[in-house]
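K.L.:
Please see the structure below; I have some questions.
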Amino acid sequence: MSFDRIKEKLSILADAAKYDVSCASSGGKRANHNKGLGTNTGMGICHSYTEDGRCVSLLKILLTNHCIYDCAYCITRKSNDIKRAAFKIQEVVDLTINFYRRNYIEGLFLSSGIFKNADYTMERLVSVAKKLRLEENFNGYIHLKSIPGASDELMREAGLYADRLSVNIEIPTVSGLKLLAPDKKHEDFIKPMKKVKDEIIQYKAEKKIIKSTPRFAPAGQSTQMIIGATGESDRDIMYSASYYYKEFNMKRVYYSGYVPVLADDRLPSLGTEVPILRENRLYQTDWLLRFYGFSVHEILNESNKYLELDIDPKLSWALRNLDLFPIDINKADKRMIARVPGIGLKSVHKIVQARTFRKLDWSHLKAIGIALNRAQYFIICNSKDFYKKDHSETILKRLILKTSNSKYKKHFNQQLSLFS
Amino acid sequence: MNPQTILLYDGTFDGFLTCVFTVYDQNISDVVIQHYHLDHNQLFSVIEDVITQKHLAHRVWKGFKEKTTKNEQNDFFKAFLSEIKGVENTLLSYMRSIFNRKSIKTIDFSNKDILKISQVARMVAREKHRMEAFVRFQLTKDEIYVATVAPDFNVLPLIIKHFRDRYADQKWLIFDTSRNYGIFYNLKTVEMIRFEDKKGLDPKCISKNHNLQESNFQELWNVYYKNVNISSRNNKKLHEQHLPKRYWKYLTEKNGM
Ligand code: SF4
């Protein structure tokens, strides 16, 4: 292969793929078979970090950035005047293997612009994965993008070789999709998702009867939405997200703050700041839904369409529901403790264990590590000394903000710990 | 007053365990175990060289295993590999309390030795994970993937399994330049190796011995690394928090050509 040409392709096709945030390489163990190459231990390793602080664990590239579509938010769109390139299948295989052997990566994340049609593109993605598995005996991680509109047969084949499959829904609302990607159909996104979900269910059922059933996408499927490209509200976004979690058993939904890359009347202008804090609040909400037992309309609804940016969504919910508090840390149900601002799941666990030995007071709670500056207003414990409830929502919010101001105003970033 | 006894050993785990055996065998009460490299010119002490004897070491370890959980054994070994000055004596005192305890169930969490050991073990484990992430192999003319490292702790013994499982079909060598030994996988087993001539593994020599394509792939990796960054999101503080500067020397992408 001509090295200079490969280098150029790599720079174009890595650059075009970088706005996809779902870099996780975790989930779905894969052992090394017959002394082949690679393992997937189920816990992704970050082999490096980019200067924006993101984990580099996979070779994340497009097979090609030629595309027949013209989605406004996408740098690869047809009408954009950029350099185009396409990898040959073998070139991607060689890059993956050689990077992997040098311990640069955990595996491959392959996506693509759509050339000719969905099936033609999907077939090529599948060939890469198939070659890696069958010819190279590669057991590292493979994440393939499902191309909207790809046929069921191809999706099935993809799942046999890939660890994870994902379709990026990109635009959270159907109307937004119409506006920004007029020639793409919502159903085209749904179809491959549904196929993957059905196959996973079928695999699990067959596995119980026939042990040798070939594995299907062991790390499940995920999707991504772009945040802040159309005027969608946080409610729209999170309602869509819960829909995808529920309907398609998504492992993860990713939220990606829109990075203005193109001038287009339908989009935020170039130079608009990336909504990093909003992105972070959405991730926090996502956690509340998946792990803290909240349902989406408790947090976002007709009268609360947007998440508050200055406080986290749990605190925001608690302030709106002051009548449910304070709760008694020594008696309250585990699920209710998880709803107290400033108490994370680990602390919930510790509290429930510790209170079987003794009644907990403030010093115990402090030692357990809960954020008292927020939690103190919402709980009572084994102490006469507690916050008397006589402030309104607004005053309480101001009080709390005063003690945690710096943390929320200054350095927020994508990997900010979700709840302290 | 009995004088203090200093036992000198060769720095190996078996050597240390042989010392423990000696302590019990000779019923020594006031004892310090240390590497023979370290100074030991204390007055009024008895100094004794302990020769590593595998079968004695195994006896001690077998006894220890019967009284501990798998986790405690792992932590013990990790703490030993930390090579922190004096760790042998913490480990000895911990071992003594283990040999005295009645059953596995009664772990005394207020025991200072246990706390210290699990703390040190955690530090060592972190370094192990970093090595698994940051090792960068370079392919040499004789088809061996070679990497040099200089970890804070002696973690090579801990990463063998990970690399053997993952790179089962290629020969590889990971060499610890600060401890001057390496682990080499010959497609069958992993062995410890040392070089007579230390120069055999200075980074310059490796690059002279590159396989034809090696520098191309390094360059491709650097191109990739540069192009996945989203510069409008740059965050230097976060970057260096995840990727502390002292590890940059290993990383191909941080030493761009
Ligand atoms: S189809 Fe995909 S690659 Fe093509 S323009 Fe739309 S989002 Fe971009």
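Numbering starts fresh at 1 for the residues of each chain in the structure tokens, the chains themselves are lettered A, B, ... in the order given, and ligands are numbered from 1 as they appear.
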Please report as JSON lines every residue of chain A lying within 6 Å of chain B, along with the nearest atom pair and their distance in Å (one decimal), using only C-alpha atoms.
P.N.:
```
{"residue": "A:Ser11", "atom": "CA", "partner": "B:Asn227", "partner_atom": "CA", "distance": 5.9}
{"residue": "A:Ala14", "atom": "CA", "partner": "B:Asn227", "partner_atom": "CA", "distance": 5.9}
{"residue": "A:Asp15", "atom": "CA", "partner": "B:Asn227", "partner_atom": "CA", "distance": 5.0}
{"residue": "A:Lys18", "atom": "CA", "partner": "B:Val228", "partner_atom": "CA", "distance": 5.2}
{"residue": "A:Lys35", "atom": "CA", "partner": "B:Ala168", "partner_atom": "CA", "distance": 5.1}
{"residue": "A:Gly36", "atom": "CA", "partner": "B:Asp169", "partner_atom": "CA", "distance": 5.6}
{"residue": "A:Leu37", "atom": "CA", "partner": "B:Tyr167", "partner_atom": "CA", "distance": 5.6}
{"residue": "A:Gly38", "atom": "CA", "partner": "B:Arg166", "partner_atom": "CA", "distance": 4.3}
{"residue": "A:Thr39", "atom": "CA", "partner": "B:Arg166", "partner_atom": "CA", "distance": 5.1}
{"residue": "A:His47", "atom": "CA", "partner": "B:Ala133", "partner_atom": "CA", "distance": 4.6}
{"residue": "A:Thr50", "atom": "CA", "partner": "B:Asn229", "partner_atom": "CA", "distance": 5.5}
{"residue": "A:Glu51", "atom": "CA", "partner": "B:His239", "partner_atom": "CA", "distance": 5.4}
{"residue": "A:Asp52", "atom": "CA", "partner": "B:Asn234", "partner_atom": "CA", "distance": 3.8}
{"residue": "A:Gly53", "atom": "CA", "partner": "B:His239", "partner_atom": "CA", "distance": 4.3}
{"residue": "A:Arg102", "atom": "CA", "partner": "B:Phe137", "partner_atom": "CA", "distance": 4.4}
{"residue": "A:Asn103", "atom": "CA", "partner": "B:Arg136", "partner_atom": "CA", "distance": 5.6}
```
K.L.:
Counting only C-alpha atoms and all ligand atoms, which protein, DNA or RNA residues come within 8 Å of ligand 1, given as a list in words?
P.N.:
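Listed by chain and ascending number, the contacts are Asn65, His66, Cys67, Ile68, Tyr69, Asp70, Cys71, Ala72, Tyr73, Cys74, Ile75, Thr76, Arg77, Lys78, Ser112, Gly113, Ile114, Glu170, Ala181 and Lys184 of chain A.
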K.L.:
Let's have the selection written as an mmCIF file, in the first residue's frame, with N, CA and C atoms.
P.N.:
```
data_model
loop_
_atom_site.group_PDB
_atom_site.id
_atom_site.type_symbol
_atom_site.label_atom_id
_atom_site.label_comp_id
_atom_site.auth_asym_id
_atom_site.auth_seq_id
_atom_site.Cartn_x
_atom_site.Cartn_y
_atom_site.Cartn_z
ATOM 1 N N ASN A 65 -15.947 8.992 3.354
ATOM 2 C CA ASN A 65 -16.785 10.168 3.612
ATOM 3 C C ASN A 65 -17.478 10.639 2.336
ATOM 4 N N HIS A 66 -17.532 9.775 1.333
ATOM 5 C CA HIS A 66 -18.441 10.045 0.232
ATOM 6 C C HIS A 66 -19.845 9.777 0.751
ATOM 7 N N CYS A 67 -20.799 10.654 0.424
ATOM 8 C CA CYS A 67 -22.150 10.383 0.902
ATOM 9 C C CYS A 67 -23.186 10.924 -0.060
ATOM 10 N N ILE A 68 -24.246 10.137 -0.260
ATOM 11 C CA ILE A 68 -25.294 10.585 -1.177
ATOM 12 C C ILE A 68 -26.298 11.485 -0.468
ATOM 13 N N TYR A 69 -26.204 11.588 0.846
ATOM 14 C CA TYR A 69 -27.166 12.407 1.580
ATOM 15 C C TYR A 69 -26.615 13.790 1.883
ATOM 16 N N ASP A 70 -27.485 14.622 2.375
ATOM 17 C CA ASP A 70 -27.093 16.003 2.592
ATOM 18 C C ASP A 70 -27.592 16.502 3.950
ATOM 19 N N CYS A 71 -27.332 15.748 4.994
ATOM 20 C CA CYS A 71 -27.800 16.140 6.322
ATOM 21 C C CYS A 71 -27.055 17.390 6.780
ATOM 22 N N ALA A 72 -27.819 18.385 7.146
ATOM 23 C CA ALA A 72 -27.244 19.709 7.378
ATOM 24 C C ALA A 72 -26.187 19.729 8.471
ATOM 25 N N TYR A 73 -26.378 18.919 9.527
ATOM 26 C CA TYR A 73 -25.483 18.973 10.686
ATOM 27 C C TYR A 73 -24.189 18.214 10.467
ATOM 28 N N CYS A 74 -24.058 17.564 9.317
ATOM 29 C CA CYS A 74 -22.955 16.614 9.168
ATOM 30 C C CYS A 74 -21.876 17.147 8.242
ATOM 31 N N ILE A 75 -20.655 17.031 8.694
ATOM 32 C CA ILE A 75 -19.525 17.560 7.940
ATOM 33 C C ILE A 75 -19.323 16.781 6.641
ATOM 34 N N THR A 76 -19.838 15.568 6.601
ATOM 35 C CA THR A 76 -19.666 14.695 5.440
ATOM 36 C C THR A 76 -20.725 14.922 4.357
ATOM 37 N N ARG A 77 -21.677 15.787 4.615
ATOM 38 C CA ARG A 77 -22.815 15.910 3.693
ATOM 39 C C ARG A 77 -22.367 16.249 2.268
ATOM 40 N N LYS A 78 -23.213 15.800 1.339
ATOM 41 C CA LYS A 78 -22.918 15.868 -0.085
ATOM 42 C C LYS A 78 -22.490 17.260 -0.545
ATOM 43 N N SER A 112 -19.503 4.992 8.429
ATOM 44 C CA SER A 112 -19.292 5.337 7.026
ATOM 45 C C SER A 112 -20.321 6.330 6.531
ATOM 46 N N GLY A 113 -19.925 7.127 5.553
ATOM 47 C CA GLY A 113 -20.899 7.868 4.766
ATOM 48 C C GLY A 113 -21.613 6.854 3.885
ATOM 49 N N ILE A 114 -22.733 7.245 3.336
ATOM 50 C CA ILE A 114 -23.496 6.278 2.554
ATOM 51 C C ILE A 114 -23.201 6.472 1.076
ATOM 52 N N GLU A 170 -29.126 10.894 15.834
ATOM 53 C CA GLU A 170 -28.620 12.250 15.615
ATOM 54 C C GLU A 170 -29.604 13.360 15.970
ATOM 55 N N ALA A 181 -32.406 16.768 7.663
ATOM 56 C CA ALA A 181 -32.017 15.637 6.823
ATOM 57 C C ALA A 181 -33.221 15.225 6.001
ATOM 58 N N LYS A 184 -33.799 11.723 4.578
ATOM 59 C CA LYS A 184 -33.703 10.521 5.402
ATOM 60 C C LYS A 184 -35.042 10.254 6.073
#
```
K.L.:
Compile the contact shell of segment 84-87 of chain B as a PyMOL selection string: residues with an atom at most 9 Å away, counting only C-alpha atoms, same-chain residues fewer than 4 positions apart removed.
P.N.:
chain B and resi 32-34+79-80+91-92+117+120+153
K.L.:
Could you give me, as a ChimeraX atom specification, the residues within 9 Å of Ile12 of chain A, counting only C-alpha atoms and dropping anything in the same chain fewer than 6 positions from it?
P.N.:
/A:61-62,65,83-85 /B:227
K.L.:
Output C-alpha atoms of each residue in that selection to a file, as a compact mmCIF listing (two decimals), in the first residue's frame.
P.N.:
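Okay, this is what ended up in part03.txt:
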```
# COMPACT_ATOMS: atom_id res chain seq x y z
CA ILE A 61 -12.79 6.02 11.43
CA LEU A 62 -15.16 6.23 8.51
CA ASN A 65 -16.79 10.17 3.61
CA LYS A 83 -11.69 16.39 0.50
CA ARG A 84 -13.17 12.95 0.03
CA ALA A 85 -11.51 9.61 0.55
CA ASN B 227 -6.97 14.04 13.88
```
K.L.:
Would you mind telling me which residue in B:Val23, B:Lys65, B:Leu8, B:Leu17 lies nearest to Glu48 of chain B when using only C-alpha atoms?
P.N.:
B:Leu8
K.L.:
Would you work out the distance separating atom CA of Asp152 of chain B from atom CA of Ser178 of chain B, expressed in Å to one decimal?
P.N.:
9.2 Å
K.L.:
Distance atom CA of Lys331 of chain A-atom CA of Leu300 of chain A, one decimal place?
P.N.:
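The value is 28.9 Å.
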K.L.:
Quick one: DSSP strand (DSSP E or B) residues in segment 17-245 of chain B, as a PyMOL selection string?
P.N.:
chain B and resi 31-35+45-49+138-140+144-149+167+171-176+181-185+190-193+210
K.L.:
Do a neighbour search on segment 262-269 of chain A at 6 Å with only C-alpha atoms, toss out local chain neighbours closer than 2 positions, and write the hits as a short mmCIF file (atom, residue, chain, number, x, y, z; two decimals) with C-alpha atoms, in the first residue's frame.
P.N.:
```cif
data_model
loop_
_atom_site.label_atom_id
_atom_site.label_comp_id
_atom_site.auth_asym_id
_atom_site.auth_seq_id
_atom_site.Cartn_x
_atom_site.Cartn_y
_atom_site.Cartn_z
CA ALA A 229 -28.48 21.70 16.46
CA PRO A 260 -20.68 24.06 14.54
CA THR A 272 -21.42 29.19 18.65
#
```
K.L.:
For Leu144 of chain A, list every protein, DNA or RNA residue within 8 Å, evaluated using only C-alpha atoms, and leave out those in the same chain fewer than 3 positions away; present the list as a list in words.
P.N.:
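My list of contacting residues is Phe109, Leu110, Ser111, Leu125, Val126, Ala158, Ala162, Arg164, Leu165 and Ser166 of chain A.
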K.L.:
So what do you get for atom CA of Thr96 of chain A versus atom CA of Leu132 of chain A, distance-wise?
P.N.:
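Result for atom CA of Thr96 of chain A versus atom CA of Leu132 of chain A: 8.6 Å, one decimal.
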K.L.:
Glu72 of chain B: which residues within 12 Å, counting only C-alpha atoms, same-chain residues fewer than 5 positions away excluded, as a list in words?
P.N.:
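Residues meeting the cut-off are Phe64, Lys65, Glu66, Lys67, Phe77, Lys78, Ala79, Leu91, Tyr94, Met95, Ile98, Ile104, Ile107, Ile114, Leu115, Ile117, Ser118 and Ala121 of chain B.
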K.L.:
Those residues you just picked out, can you put them in a file as an mmCIF file, in the first residue's frame with N, CA and C atoms?
P.N.:
```
data_model
loop_
_atom_site.group_PDB
_atom_site.id
_atom_site.type_symbol
_atom_site.label_atom_id
_atom_site.label_comp_id
_atom_site.auth_asym_id
_atom_site.auth_seq_id
_atom_site.Cartn_x
_atom_site.Cartn_y
_atom_site.Cartn_z
ATOM 1 N N PHE B 64 0.544 -19.491 54.477
ATOM 2 C CA PHE B 64 -0.137 -18.200 54.384
ATOM 3 C C PHE B 64 -1.445 -18.333 53.604
ATOM 4 N N LYS B 65 -1.377 -19.117 52.526
ATOM 5 C CA LYS B 65 -2.560 -19.283 51.676
ATOM 6 C C LYS B 65 -3.701 -19.967 52.430
ATOM 7 N N GLU B 66 -3.329 -20.890 53.319
ATOM 8 C CA GLU B 66 -4.382 -21.596 54.046
ATOM 9 C C GLU B 66 -5.166 -20.680 54.965
ATOM 10 N N LYS B 67 -4.528 -19.579 55.349
ATOM 11 C CA LYS B 67 -5.174 -18.717 56.334
ATOM 12 C C LYS B 67 -5.697 -17.409 55.763
ATOM 13 N N PHE B 77 1.103 -9.700 47.710
ATOM 14 C CA PHE B 77 2.108 -9.751 46.642
ATOM 15 C C PHE B 77 2.304 -8.374 46.009
ATOM 16 N N LYS B 78 1.195 -7.685 45.763
ATOM 17 C CA LYS B 78 1.293 -6.347 45.174
ATOM 18 C C LYS B 78 2.075 -5.409 46.083
ATOM 19 N N ALA B 79 1.770 -5.465 47.367
ATOM 20 C CA ALA B 79 2.463 -4.579 48.298
ATOM 21 C C ALA B 79 3.955 -4.871 48.281
ATOM 22 N N LEU B 91 5.079 -6.292 55.995
ATOM 23 C CA LEU B 91 4.543 -7.570 55.527
ATOM 24 C C LEU B 91 4.823 -8.687 56.542
ATOM 25 N N TYR B 94 2.512 -8.274 59.451
ATOM 26 C CA TYR B 94 1.171 -8.695 59.036
ATOM 27 C C TYR B 94 1.086 -10.220 58.989
ATOM 28 N N MET B 95 2.106 -10.848 58.405
ATOM 29 C CA MET B 95 2.119 -12.300 58.305
ATOM 30 C C MET B 95 2.059 -12.941 59.695
ATOM 31 N N ILE B 98 -1.359 -12.902 60.878
ATOM 32 C CA ILE B 98 -2.161 -13.889 60.145
ATOM 33 C C ILE B 98 -1.941 -15.288 60.724
ATOM 34 N N ILE B 104 -10.366 -17.298 58.970
ATOM 35 C CA ILE B 104 -10.388 -16.245 57.962
ATOM 36 C C ILE B 104 -11.400 -15.158 58.317
ATOM 37 N N ILE B 107 -11.260 -10.804 60.420
ATOM 38 C CA ILE B 107 -10.319 -9.810 59.927
ATOM 39 C C ILE B 107 -10.440 -8.562 60.792
ATOM 40 N N ILE B 114 -2.748 -4.028 57.943
ATOM 41 C CA ILE B 114 -3.695 -4.354 56.872
ATOM 42 C C ILE B 114 -4.049 -3.112 56.080
ATOM 43 N N LEU B 115 -4.322 -2.036 56.794
ATOM 44 C CA LEU B 115 -4.677 -0.790 56.117
ATOM 45 C C LEU B 115 -3.563 -0.337 55.189
ATOM 46 N N ILE B 117 -1.124 -2.080 53.903
ATOM 47 C CA ILE B 117 -0.908 -2.996 52.783
ATOM 48 C C ILE B 117 -1.961 -2.812 51.701
ATOM 49 N N SER B 118 -3.225 -2.654 52.103
ATOM 50 C CA SER B 118 -4.237 -2.523 51.055
ATOM 51 C C SER B 118 -4.096 -1.180 50.341
ATOM 52 N N ALA B 121 -1.191 -1.678 47.976
ATOM 53 C CA ALA B 121 -1.611 -2.583 46.907
ATOM 54 C C ALA B 121 -2.441 -1.833 45.871
#
```
